[in-house]
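Pasted below: entry.txt, compact mmCIF, C-alpha atoms.
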# COMPACT_ATOMS: atom_id res chain seq x y z
CA MET T 11 8.08 31.10 -7.01
CA HIS T 12 10.47 28.80 -8.88
CA VAL T 13 9.80 25.09 -8.67
CA HIS T 14 13.00 24.39 -6.70
CA ASP T 15 12.11 27.15 -4.23
CA ASP T 16 8.70 25.54 -3.75
CA LEU T 17 10.32 22.17 -3.04
CA ASP T 18 12.72 23.80 -0.59
CA ALA T 19 9.75 25.29 1.26
CA LEU T 20 8.04 21.89 1.44
CA ARG T 21 11.19 20.29 2.80
CA ALA T 22 11.58 23.06 5.35
CA ASN T 23 8.00 22.52 6.54
CA VAL T 24 8.70 18.85 7.15
CA PHE T 25 12.11 19.52 8.72
CA GLU T 26 10.47 21.84 11.23
CA ARG T 27 8.22 19.04 12.42
CA ILE T 28 10.89 16.34 12.40
CA ARG T 29 13.33 18.46 14.39
CA THR T 30 10.93 18.72 17.33
CA HIS T 31 12.42 15.42 18.54
CA PRO T 32 15.87 13.87 18.04
CA ARG T 33 14.89 10.21 17.66
CA TRP T 34 12.28 8.64 15.40
CA VAL T 35 10.84 5.27 14.49
CA ILE T 36 9.45 5.51 10.94
CA ALA T 37 6.81 3.12 9.62
CA LEU T 38 8.15 2.24 6.17
CA SER T 39 5.64 0.52 3.92
CA GLY T 40 7.46 0.31 0.59
CA GLY T 41 5.35 3.10 -0.94
CA VAL T 42 6.37 6.61 -1.94
CA ASP T 43 4.82 8.52 1.00
CA SER T 44 6.74 6.76 3.77
CA ALA T 45 9.89 6.71 1.62
CA VAL T 46 9.80 10.50 1.33
CA LEU T 47 9.17 10.81 5.06
CA LEU T 48 12.19 8.64 5.81
CA ALA T 49 14.39 10.50 3.34
CA LEU T 50 13.45 13.90 4.77
CA ALA T 51 13.94 12.67 8.33
CA ALA T 52 17.41 11.43 7.39
CA GLU T 53 18.19 14.77 5.79
CA ALA T 54 16.91 16.71 8.79
CA LEU T 55 18.56 14.66 11.56
CA GLY T 56 21.06 12.32 9.99
CA THR T 57 20.62 8.56 10.08
CA ARG T 58 22.04 7.58 13.47
CA THR T 59 18.89 8.37 15.46
CA LEU T 60 16.43 6.86 12.97
CA VAL T 61 15.12 3.35 12.49
CA ALA T 62 12.69 2.27 9.78
CA ILE T 63 10.27 -0.55 10.54
CA THR T 64 8.34 -2.61 7.99
CA GLY T 65 5.60 -5.02 8.96
CA ARG T 66 5.44 -8.46 7.38
CA SER T 67 2.11 -10.27 7.20
CA PRO T 68 0.13 -12.36 4.68
CA ALA T 69 -1.50 -9.11 3.48
CA VAL T 70 1.84 -7.58 2.42
CA THR T 71 3.66 -8.81 -0.67
CA GLU T 72 7.36 -9.58 -0.58
CA GLY T 73 7.75 -6.99 -3.33
CA GLU T 74 6.58 -4.25 -0.98
CA ILE T 75 8.97 -5.43 1.72
CA SER T 76 11.85 -5.54 -0.77
CA ASP T 77 11.10 -2.00 -1.92
CA ALA T 78 11.08 -0.78 1.68
CA ALA T 79 14.39 -2.50 2.40
CA ALA T 80 15.97 -1.04 -0.74
CA VAL T 81 14.85 2.50 0.16
CA ALA T 82 16.24 2.23 3.70
CA GLU T 83 19.52 0.77 2.44
CA ALA T 84 19.95 3.53 -0.15
CA LEU T 85 19.40 6.15 2.55
CA GLY T 86 21.71 4.42 5.01
CA VAL T 87 18.97 4.08 7.64
CA ALA T 88 18.74 1.05 9.94
CA HIS T 89 15.81 -1.11 8.86
CA GLU T 90 13.97 -3.85 10.69
CA ILE T 91 11.23 -6.15 9.43
CA VAL T 92 8.77 -7.24 12.11
CA SER T 93 6.07 -9.87 11.88
CA THR T 94 2.60 -8.61 12.66
CA ASN T 95 -0.17 -10.91 13.87
CA GLU T 96 -3.39 -9.19 12.84
CA MET T 97 -4.57 -12.51 11.37
CA GLU T 98 -4.90 -13.76 14.96
CA ASN T 99 -7.38 -10.98 15.75
CA PRO T 100 -10.99 -12.08 15.04
CA SER T 101 -12.03 -8.45 14.55
CA TYR T 102 -9.49 -8.06 11.75
CA VAL T 103 -10.38 -11.39 10.13
CA ALA T 104 -14.10 -10.52 10.20
CA ASN T 105 -13.30 -7.74 7.72
CA ALA T 106 -15.97 -5.32 8.79
CA GLY T 107 -15.57 -1.64 7.96
CA ASP T 108 -12.95 -1.22 10.68
CA ARG T 109 -10.45 -3.81 9.40
CA CYS T 110 -7.73 -1.19 8.86
CA PHE T 111 -8.11 0.02 12.45
CA HIS T 112 -7.23 -3.43 13.76
CA CYS T 113 -4.36 -3.85 11.28
CA ARG T 114 -2.84 -0.49 12.20
CA THR T 115 -3.40 -1.15 15.89
CA GLU T 116 -1.26 -4.26 15.60
CA LEU T 117 1.51 -2.41 13.76
CA PHE T 118 1.45 0.66 15.99
CA THR T 119 1.52 -1.48 19.14
CA ILE T 120 4.79 -3.00 17.92
CA LEU T 121 6.25 0.33 16.78
CA SER T 122 5.33 2.03 20.05
CA ALA T 123 7.14 -0.69 22.02
CA ILE T 124 10.22 -0.27 19.82
CA ALA T 125 10.09 3.50 20.34
CA ARG T 126 9.94 3.14 24.12
CA ASP T 127 13.15 1.12 23.99
CA ARG T 128 14.96 3.82 22.04
CA ALA T 129 15.60 6.52 24.57
CA PRO T 130 12.58 7.11 23.84
CA ALA T 131 11.74 7.87 20.23
CA ARG T 132 8.62 9.16 18.54
CA VAL T 133 6.78 7.14 15.90
CA ALA T 134 5.80 8.60 12.52
CA TYR T 135 4.00 7.32 9.45
CA GLY T 136 3.50 8.68 5.94
CA ALA T 137 -0.05 10.04 6.00
CA ILE T 138 -0.65 13.00 3.65
CA VAL T 139 -3.50 15.43 3.00
CA ASP T 140 -4.95 13.17 0.26
CA ASP T 141 -5.74 10.66 3.01
CA LEU T 142 -8.18 13.06 4.65
CA GLY T 143 -11.85 13.02 3.75
CA ASP T 144 -12.04 9.27 3.17
CA ASP T 145 -13.19 6.75 5.76
CA ARG T 146 -9.77 5.89 7.15
CA PRO T 147 -9.94 3.68 10.24
CA GLY T 148 -6.16 3.37 10.10
CA MET T 149 -5.84 7.08 10.81
CA ASP T 150 -8.06 6.62 13.86
CA ALA T 151 -5.60 4.02 15.12
CA ALA T 152 -2.73 6.45 14.56
CA LYS T 153 -4.48 9.07 16.68
CA LYS T 154 -5.14 6.52 19.41
CA PHE T 155 -1.43 5.71 19.66
CA GLY T 156 -0.20 9.27 19.23
CA ILE T 157 1.57 8.43 15.97
CA GLU T 158 2.97 11.54 14.25
CA ALA T 159 2.27 12.44 10.61
CA PRO T 160 4.86 15.07 9.64
CA LEU T 161 3.94 15.10 5.93
CA LEU T 162 0.27 15.60 6.73
CA ASP T 163 1.00 18.27 9.32
CA ALA T 164 3.18 20.08 6.78
CA GLY T 165 0.30 20.06 4.28
CA LEU T 166 1.89 17.79 1.66
CA SER T 167 -0.28 16.30 -1.10
CA LYS T 168 0.45 13.27 -3.26
CA THR T 169 1.67 15.60 -6.02
CA ASP T 170 4.07 17.24 -3.56
CA VAL T 171 5.31 13.85 -2.39
CA ARG T 172 5.93 12.66 -5.95
CA ARG T 173 7.88 15.81 -6.77
CA LEU T 174 9.99 15.48 -3.64
CA ALA T 175 10.59 11.78 -4.30
CA SER T 176 11.83 12.60 -7.78
CA SER T 177 14.09 15.40 -6.54
CA LEU T 178 15.50 13.07 -3.88
CA GLY T 179 16.17 10.33 -6.42
CA LEU T 180 14.10 7.74 -4.59
CA ARG T 181 13.62 4.48 -6.45
CA VAL T 182 9.89 4.47 -5.66
CA ALA T 183 9.24 7.98 -7.01
CA ASP T 184 6.93 6.77 -9.81
CA LYS T 185 5.68 3.66 -8.03
CA PRO T 186 1.88 3.37 -8.35
CA ALA T 187 -0.18 3.57 -5.16
CA ASN T 188 -0.93 0.15 -3.77
CA ALA T 189 -3.03 -0.81 -0.75
CA CYS T 190 -2.55 -4.05 1.16
CA LEU T 191 -3.90 -7.30 -0.26
CA ALA T 192 -6.74 -7.40 2.27
CA SER T 193 -8.25 -4.36 0.54
CA ARG T 194 -9.09 -6.67 -2.39
CA ILE T 195 -11.49 -8.69 -0.23
CA PRO T 196 -15.00 -7.17 0.03
CA ALA T 197 -16.13 -6.00 3.45
CA GLY T 198 -18.00 -8.76 5.25
CA THR T 199 -15.97 -11.54 3.61
CA PRO T 200 -13.47 -12.93 6.13
CA VAL T 201 -9.79 -12.35 5.45
CA THR T 202 -7.96 -15.65 5.14
CA ALA T 203 -4.40 -16.53 4.22
CA GLU T 204 -5.71 -18.54 1.26
CA ARG T 205 -7.67 -15.60 -0.19
CA LEU T 206 -4.73 -13.26 0.26
CA SER T 207 -2.44 -15.76 -1.44
CA GLN T 208 -4.83 -16.14 -4.38
CA VAL T 209 -4.92 -12.38 -4.89
CA ALA T 210 -1.15 -12.08 -4.58
CA ARG T 211 -0.49 -14.86 -7.10
CA ALA T 212 -2.97 -13.50 -9.64
CA GLU T 213 -1.72 -9.91 -9.39
CA SER T 214 1.91 -11.00 -9.61
CA ALA T 215 1.19 -13.02 -12.75
CA LEU T 216 -0.68 -10.14 -14.38
CA ARG T 217 2.13 -7.72 -13.55
CA SER T 218 4.55 -10.12 -15.19
CA LEU T 219 2.44 -9.72 -18.33
CA GLY T 220 3.18 -6.00 -18.31
CA PHE T 221 0.33 -4.50 -16.29
CA ARG T 222 2.01 -2.03 -13.96
CA VAL T 223 -1.23 -1.20 -12.14
CA VAL T 224 -3.61 -4.09 -11.51
CA ARG T 225 -6.17 -5.08 -8.90
CA VAL T 226 -7.61 -8.56 -8.50
CA ARG T 227 -10.61 -8.32 -6.19
CA HIS T 228 -11.68 -11.53 -4.50
CA HIS T 229 -15.42 -12.24 -4.86
CA GLY T 230 -15.91 -15.78 -3.59
CA GLY T 231 -14.51 -18.05 -6.28
CA GLU T 232 -14.39 -15.18 -8.78
CA ALA T 233 -11.52 -12.81 -9.51
CA ARG T 234 -12.58 -9.31 -10.56
CA ILE T 235 -9.71 -7.89 -12.60
CA GLU T 236 -9.15 -4.15 -12.91
CA VAL T 237 -6.48 -2.38 -14.94
CA PRO T 238 -6.31 1.30 -15.96
CA PRO T 239 -8.58 2.22 -18.90
CA ASP T 240 -5.58 2.58 -21.23
CA ASP T 241 -4.69 -1.07 -20.59
CA LEU T 242 -8.16 -2.53 -21.17
CA ALA T 243 -7.62 -3.31 -24.86
CA ARG T 244 -4.47 -5.30 -24.09
CA LEU T 245 -6.23 -7.11 -21.24
CA ARG T 246 -9.08 -8.08 -23.56
CA ASP T 247 -6.58 -9.33 -26.14
CA LEU T 248 -4.96 -11.55 -23.53
CA GLU T 249 -8.43 -12.67 -22.48
CA ALA T 250 -9.23 -13.72 -26.04
CA ARG T 251 -6.04 -15.77 -26.16
CA GLY T 252 -6.85 -17.56 -22.90
CA THR T 253 -3.90 -16.06 -21.04
CA VAL T 254 -6.03 -14.40 -18.37
CA ARG T 255 -7.91 -17.62 -17.75
CA ALA T 256 -4.63 -19.44 -17.21
CA VAL T 257 -3.48 -16.82 -14.72
CA VAL T 258 -6.60 -16.93 -12.56
CA THR T 259 -6.81 -20.72 -12.76
CA ASP T 260 -3.26 -21.05 -11.50
CA ALA T 261 -4.12 -18.64 -8.67
CA GLY T 262 -7.02 -20.84 -7.57
CA PHE T 263 -10.05 -18.90 -8.86
CA ALA T 264 -13.00 -20.67 -10.47
CA ALA T 265 -14.05 -17.72 -12.63
CA HIS T 266 -13.02 -14.20 -13.45
CA LEU T 267 -14.53 -10.86 -14.37
CA LEU T 268 -13.06 -8.05 -16.42
CA ASP T 269 -14.16 -4.66 -15.16
CA PRO T 270 -15.04 -2.73 -18.36
CA GLU T 271 -14.53 0.66 -16.76
CA GLY T 272 -10.97 -0.04 -15.71
CA TYR T 273 -9.25 0.56 -12.40
CA ARG T 274 -10.42 3.48 -10.32
CA PRO T 275 -10.18 4.24 -6.61
CA ALA T 276 -12.55 2.25 -4.41
CA GLY T 277 -16.05 3.65 -4.33
CA SER T 278 -16.05 4.97 -7.90
CA ARG T 279 -16.84 1.73 -9.74
CA SER T 280 -20.26 1.14 -11.21
CA GLY T 281 -20.24 -2.54 -10.34
CA LYS T 282 -20.72 -3.63 -13.96
CA ALA T 283 -18.39 -6.30 -15.26
CA THR T 284 -18.28 -9.25 -17.63
CA LEU T 285 -18.13 -12.72 -16.07
CA TYR T 286 -15.97 -15.44 -17.57
CA SER T 287 -16.10 -19.01 -16.31
CA ILE T 288 -12.95 -21.06 -16.21
CA ALA T 289 -14.82 -23.92 -17.85
CA PRO T 290 -13.93 -23.85 -21.61
CA GLN T 291 -17.51 -24.53 -22.73
CA LEU T 292 -18.73 -21.41 -20.94
CA ASP T 293 -15.86 -19.14 -21.94
CA GLY T 294 -16.72 -15.98 -23.81
CA GLY T 295 -18.97 -14.05 -21.44
CA GLN T 296 -21.96 -15.08 -19.41

Show the structure stored in the file as structure tokens.
Amino acid sequence: MHVHDDLDALRANVFERIRTHPRWVIALSGGVDSAVLLALAAEALGTRTLVAITGRSPAVTEGEISDAAAVAEALGVAHEIVSTNEMENPSYVANAGDRCFHCRTELFTILSAIARDRAPARVAYGAIVDDLGDDRPGMDAAKKFGIEAPLLDAGLSKTDVRRLASSLGLRVADKPANACLASRIPAGTPVTAERLSQVARAESALRSLGFRVVRVRHHGGEARIEVPPDDLARLRDLEARGTVRAVVTDAGFAAHLLDPEGYRPAGSRSGKATLYSIAPQLDGGQ
């Protein structure tokens, strides 16, 4: 089968699921999965019966919201940004293993209400087959609310989604995967606006230094910095010049750690890292 034929088959699989209902509310996060879902829904049904919804909270960067808005605008789909209030839920703030369930519950409650007002509409989000097999409390919330997952039901993988995004000309086609800021806070450590802000400021500053993929994990007063293995040498060079220390100091951290293994998905890190204190007399690895 030719590559374009394969992509046509993937699109047809999604179209089949989208066309089961004429009106949809699409959860649009700013990432590639939900962007592809929205684009295919617009292609299958047109834009008049679609609305894309993006949640705004302290755990979502303005960059993600801007990307979502730009995708919806390019597709000609109505887009609304709604404020979510998961920070008012003690179960979310406690940051136990079910944090994502409470976050998604907040978002899906809002989206379900919007859908009921729209004649009614169904709600869909961009889950894919790669999301299966992990501990995903957010998917449990989706099942609870009856949220549809057309890409998942059509059997699409991340590779499929990337290929479709490229063929559709979506601006986020090569955008690296990126979880919410709360994922940088270890389970058991409460989620606070201050911690989320520290992570956001540190990651933004490191991206401005040219690191396209970066994670700053919040460990008390310490920032654990992860970049892909290919970027480690450049990170260490910036560390030697004091640039990294300046970044984490400005973000409000008292110390930082460079993960020597580089960024990998959660659960695959060894836990080894090198600690650097902000204090000049201790700089150089303790």

Can you tell me, as an MDAnalysis selection string, what residues are no more than 10 Å from Gly73 of chain T when counting all atoms listed in the file, ignoring any on the same chain fewer than 6 positions away?
-> chainID T and resid 40 79 214

So which one's closest to Phe25 of chain T, T:Glu53, T:Asp77, T:Asp184, T:Asp141? Using only C-alpha atoms, please.
-> T:Glu53

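Using all atoms listed in the file, the residues found no farther than 12 Å from Arg244 of chain T, other than those of its own chain fewer than 2 positions away, are Leu216, Leu219, Gly220, Phe221, Val237, Pro238, Pro239, Asp240, Asp241, Leu242, Arg246, Asp247, Leu248, Glu249, Ala250, Arg251, Thr253, Val254, Leu268 and Gly272 of chain T.
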
Interatomic distance (Å, one decimal) between atom CA of Ala187 of chain T and atom CA of Cys110 of chain T |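 Result for atom CA of Ala187 of chain T versus atom CA of Cys110 of chain T: 16.6 Å, one decimal.
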
Contact table segment 175-283 of chain T vs segment 44-50 of chain T, cut-off 12 Å, shortest pair per residue, all atoms listed in the file, as a tab-separated table:
residue	atom	partner	partner_atom	distance
T:Ala175	CA	T:Val46	CA	5.8
T:Ser176	CA	T:Val46	CA	9.6
T:Ser177	CA	T:Val46	CA	10.2
T:Leu178	CA	T:Ala49	CA	7.7
T:Gly179	CA	T:Ala49	CA	9.9
T:Leu180	CA	T:Ala45	CA	7.6
T:Arg181	CA	T:Ala45	CA	9.2
T:Val182	CA	T:Ala45	CA	7.6
T:Ala183	CA	T:Val46	CA	8.7
T:Asp184	CA	T:Ala45	CA	11.8
T:Lys185	CA	T:Ala45	CA	11.0
T:Ala187	CA	T:Ser44	CA	11.7

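Excluding Phe118 of chain T itself and same-chain residues fewer than 3 positions from it, the residues having an atom within 9 Å of it are Ala37, Cys113, Arg114, Thr115, Leu121, Ser122, Ala123, Val133, Ala151, Ala152, Phe155 and Ile157 of chain T, counting only C-alpha atoms.
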
Interatomic distance between atom CA of Thr259 of chain T and atom CA of Pro196 of chain T?
-> 20.4 Å

At most 10 Å from (-10.9, -3.1, 9.8), file frame, all atoms listed in the file: which residues, as JSON, numbers by chain?
-> {"T": [101, 102, 103, 104, 105, 106, 107, 108, 109, 110, 111, 112, 113, 114, 115, 146, 147, 148, 192, 193, 197]}

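Comparing the minimum interatomic distances between Arg132 of chain T and each of T:Ile28, T:Ile75, T:Leu20, T:Ala264, counting only C-alpha atoms, we find that T:Ile28 sits nearest.
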
Residues near segment 224-229 of chain T, anyone? I mean within 7 Å using only C-alpha atoms, not counting same-chain ones fewer than 4 positions away, as a compact mmCIF listing (two decimals) with C-alpha atoms, in the frame of the given file.
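Result file is out15.txt:
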# COMPACT_ATOMS: atom_id res chain seq x y z
CA ARG T 194 -9.09 -6.67 -2.39
CA ILE T 195 -11.49 -8.69 -0.23
CA VAL T 209 -4.92 -12.38 -4.89
CA ALA T 212 -2.97 -13.50 -9.64
CA GLU T 213 -1.72 -9.91 -9.39
CA ALA T 233 -11.52 -12.81 -9.51
CA ARG T 234 -12.58 -9.31 -10.56
CA ILE T 235 -9.71 -7.89 -12.60
CA GLU T 236 -9.15 -4.15 -12.91
CA VAL T 237 -6.48 -2.38 -14.94

Rank nothing, just name the residue among T:His89, T:Lys153, T:Arg21, T:Arg33 nearest to Ser76 of chain T, using all atoms listed in the file.
-> T:His89

If I wrap all listed atoms of segment 45-57 of chain T in a box with edges along x, y and z and add 3 Å on each side, what are its centre and edge lengths in Å to one decimal, as JSON?
{"center_x": 15.1, "center_y": 11.7, "center_z": 6.4, "size_x": 17.9, "size_y": 16.0, "size_z": 16.2}

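Candidate residues T:Leu55, T:Cys190, T:Val92, T:Leu17 were compared for distance to Glu74 of chain T, and the nearest is T:Cys190, using only C-alpha atoms.
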
How many Å lie between atom CA of Arg172 of chain T and atom CA of Arg274 of chain T, rounded to one decimal?
-> 19.3 Å

Tell me which of T:Asn23, T:Thr169, T:Ser207, T:Thr199 sits closest to Ser67 of chain T, counting all atoms listed in the file.
-> T:Ser207

Which residue of T:Ile91, T:Val24, T:Val139, T:Leu162 approaches Leu117 of chain T most closely, using all atoms listed in the file =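 Closest residue, counting all atoms listed in the file: T:Ile91.
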
Can you list, as a list in words, every protein, DNA or RNA residue that comes within 8 Å of Lys168 of chain T when you count all atoms listed in the file, leaving out same-chain residues fewer than 5 positions away?
->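 My list of contacting residues is Asp43, Ile138, Val139 and Asp140 of chain T.
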